[in-house]
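Presented below is the structure to which this report refers.
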Amino acid sequence: MRHIILYIASSLDGYLARPDGGLDWLPQPTEAEDYGYRDFYASIDTIIMGRKTYDLILTLGPYPYAGKTVYVLSRTRAGERDERVQFIGGDIARWAADLKAAPGKDLWLEGGGEVVREFLAARLIDRLILTVVPVLIGRGLPLFPPGEYGDLTLRLIRTIPYPDGLVQVTYDVIRPV
């Protein structure tokens, strides 16, 4: 069975972006240090994201996900398709369970916060890979917006400190028996 992996970065104070969606505080990966991104990207064949994240990606330069299947969660565009993605709405839990059961590589849940909240609440995330950037931005779009997560327990798998101060932690989500 495929796994849904939340692979994401946040500021030390828990924000994904500034209030306006700005990401200027994020360090840019380099050829010498990509924080494990190339290996992670090779391990997935499908990307799931929210519509606001998709809209932001389209403003950042060339489309970065050619060759991957990309689904965008959207209440207003569900059932539509554009040249890059398919828009999904409705019963996300059932859709995601079917997607996990289909053959293929793992699935990347890219964000944003509302999508993270929905997937955590529905117990759809199997692994969380969080890169913490040592910057406090004070306010913005939270990684974990308030919601009913139901006391999820995580098991630490790995911690990687980087020379520039970033720390990447990997957790498996523990399923209640």
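Chain labels follow the order of the structure tokens: the first chain is A, the next B, and so on; residue numbering restarts at 1 in every chain, and ligands are counted from 1 in their shown order.
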Give me the residues within 7 Å of A:Leu12 as a compact mmCIF listing (two decimals) with N, CA, C and O atoms, in the first residue's frame, counting only C-alpha atoms and dropping any in the same chain fewer than 5 places off.
```txt
# COMPACT_ATOMS: atom_id res chain seq x y z
N VAL A 132 12.44 22.30 9.70
CA VAL A 132 12.24 23.51 10.51
C VAL A 132 13.34 24.51 10.17
O VAL A 132 14.53 24.20 10.30
N VAL A 133 12.92 25.68 9.73
CA VAL A 133 13.84 26.75 9.35
C VAL A 133 14.04 27.65 10.57
O VAL A 133 13.05 28.11 11.17
N PRO A 134 15.28 27.93 10.96
CA PRO A 134 15.53 28.71 12.17
C PRO A 134 15.28 30.20 11.97
O PRO A 134 16.20 31.02 11.99
N VAL A 135 14.02 30.52 11.77
CA VAL A 135 13.60 31.91 11.64
C VAL A 135 12.24 32.03 12.31
O VAL A 135 11.42 31.10 12.25
N LEU A 136 12.01 33.15 12.99
CA LEU A 136 10.71 33.44 13.59
C LEU A 136 10.08 34.54 12.74
O LEU A 136 10.60 35.64 12.66
```
- [ ] Do a neighbour search on stretch 102-107 of chain A at 6 Å with only C-alpha atoms, toss out local chain neighbours closer than 2 positions, and write the hits as a list in words.
- [x] Arg2, His3, Ile4, Ile44, Asp45, Thr46, Ile47, Leu99 and Lys100 of chain A
Task: Distance of atom CA of A:Thr170 from atom CA of A:Thr59, expressed in Å to one decimal place - done: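 Distance reported for this atom pair: 29.1 Å.
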Open item on the list: I'd like the neighbourhood of A:Lys52 as a VMD selection string, where a residue qualifies if any of its atoms comes within 9 Å (using only C-alpha atoms), though same-chain residues fewer than 6 positions away should be ignored.
Closed with: chain A and resid 74 111 to 112
Task: Shell of 9 Å around A:Leu130, only C-alpha atoms, local chain residues under 5 positions omitted, as a list in words - done: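 Non-adjacent residues within range: Leu6, Tyr7, Ile8, Ala9, Ser10, Val167, Gln168, Val169, Thr170 and Tyr171 of chain A.
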Task: Nearest-residue call for A:Thr69, choices A:Val85, A:Ile160, A:Thr131, A:Ala17, using only C-alpha atoms - done: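 Answer, going by the shortest atom-to-atom distance: A:Val85.
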Open item on the list: Just checking: using only C-alpha atoms, which residue out of A:Ala97, A:Ile57, A:Ala42, A:Ile174 ends up closest to A:Ile157?
Closed with: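 Once distances to A:Ile157 are computed over only C-alpha atoms, the minimum belongs to A:Ile174.
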TODO: Considering only C-alpha atoms, state which residue in the set A:Arg84, A:Lys68, A:Arg117, A:Arg18 is at the smallest distance from A:Tyr41.
DONE: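 Distance minimum relative to A:Tyr41 lands on A:Lys68.
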Task: DSSP alpha helix (DSSP H) selection over stretch 35-175 of chain A, as a PyMOL selection string - done: chain A and resi 37-42+51-57+92-101+113-121
Would you export the selected residues with C-alpha atoms as a PDB file, in the first residue's frame, please?
```pdb
ATOM      1  CA  TYR A  37      14.525  16.819  -1.711  1.00  0.00           C
ATOM      2  CA  ARG A  38      15.886  14.940  -4.790  1.00  0.00           C
ATOM      3  CA  ASP A  39      15.715  11.571  -3.044  1.00  0.00           C
ATOM      4  CA  PHE A  40      12.263  12.295  -1.655  1.00  0.00           C
ATOM      5  CA  TYR A  41      10.969  13.513  -5.037  1.00  0.00           C
ATOM      6  CA  ALA A  42      12.220  10.319  -6.705  1.00  0.00           C
ATOM      7  CA  ARG A  51      -5.922  25.124  -4.428  1.00  0.00           C
ATOM      8  CA  LYS A  52      -4.243  28.083  -2.685  1.00  0.00           C
ATOM      9  CA  THR A  53      -0.914  26.240  -2.745  1.00  0.00           C
ATOM     10  CA  TYR A  54      -1.420  25.456  -6.433  1.00  0.00           C
ATOM     11  CA  ASP A  55      -2.222  29.085  -7.222  1.00  0.00           C
ATOM     12  CA  LEU A  56       0.957  30.162  -5.389  1.00  0.00           C
ATOM     13  CA  ILE A  57       3.113  27.609  -7.236  1.00  0.00           C
ATOM     14  CA  ILE A  92     -11.634  13.355   0.408  1.00  0.00           C
ATOM     15  CA  ALA A  93     -11.190  10.494   2.895  1.00  0.00           C
ATOM     16  CA  ARG A  94     -12.695   7.919   0.536  1.00  0.00           C
ATOM     17  CA  TRP A  95     -10.827   9.352  -2.465  1.00  0.00           C
ATOM     18  CA  ALA A  96      -7.496   9.298  -0.593  1.00  0.00           C
ATOM     19  CA  ALA A  97      -8.052   5.744   0.662  1.00  0.00           C
ATOM     20  CA  ASP A  98      -8.674   4.589  -2.922  1.00  0.00           C
ATOM     21  CA  LEU A  99      -5.567   6.449  -4.107  1.00  0.00           C
ATOM     22  CA  LYS A 100      -3.426   4.837  -1.384  1.00  0.00           C
ATOM     23  CA  ALA A 101      -4.691   1.385  -2.407  1.00  0.00           C
ATOM     24  CA  GLY A 113      -2.424  24.244   6.335  1.00  0.00           C
ATOM     25  CA  GLU A 114      -6.130  23.656   5.676  1.00  0.00           C
ATOM     26  CA  VAL A 115      -5.327  20.518   3.687  1.00  0.00           C
ATOM     27  CA  VAL A 116      -2.924  19.353   6.411  1.00  0.00           C
ATOM     28  CA  ARG A 117      -5.664  19.820   9.018  1.00  0.00           C
ATOM     29  CA  GLU A 118      -8.203  17.884   6.929  1.00  0.00           C
ATOM     30  CA  PHE A 119      -5.820  14.984   6.236  1.00  0.00           C
ATOM     31  CA  LEU A 120      -4.654  14.755   9.857  1.00  0.00           C
ATOM     32  CA  ALA A 121      -8.219  14.817  11.174  1.00  0.00           C
TER      33      ALA A 121
END
```
Open item on the list: Report as a list in words all protein, DNA and RNA residues lying within 6 Å of stretch 143-145 of chain A, evaluated on only C-alpha atoms, omitting residues in the same chain fewer than 3 positions from it.
Closed with: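 So the residues in contact are Gly14, Tyr15, Leu16 and Gly113 of chain A.
Among the candidates A:Ile5, A:Leu60, A:Leu156, A:Leu128, the one nearest to A:Ser43 when counting only C-alpha atoms is A:Ile5.
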Open item on the list: Which of stretch 93-142 of chain A end up as strand (DSSP E) when DSSP is run on this backbone - answer as a VMD selection string?
Closed with: chain A and resid 106 to 111 127 to 133 141 to 142
Open item on the list: With distances taken over only C-alpha atoms, which residue among A:Pro64, A:Ser11, A:Gly50, A:Gln86 lies nearest A:Leu23?
Closed with: A:Ser11
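For A:Gly79, the list of residues within 12 Å, based on only C-alpha atoms and with local chain neighbours fewer than 6 positions off taken out, reads A:Tyr71, A:Val72, A:Leu73, A:Val85, A:Gln86, A:Phe87, A:Ile88, A:Gly89, A:Gly90.
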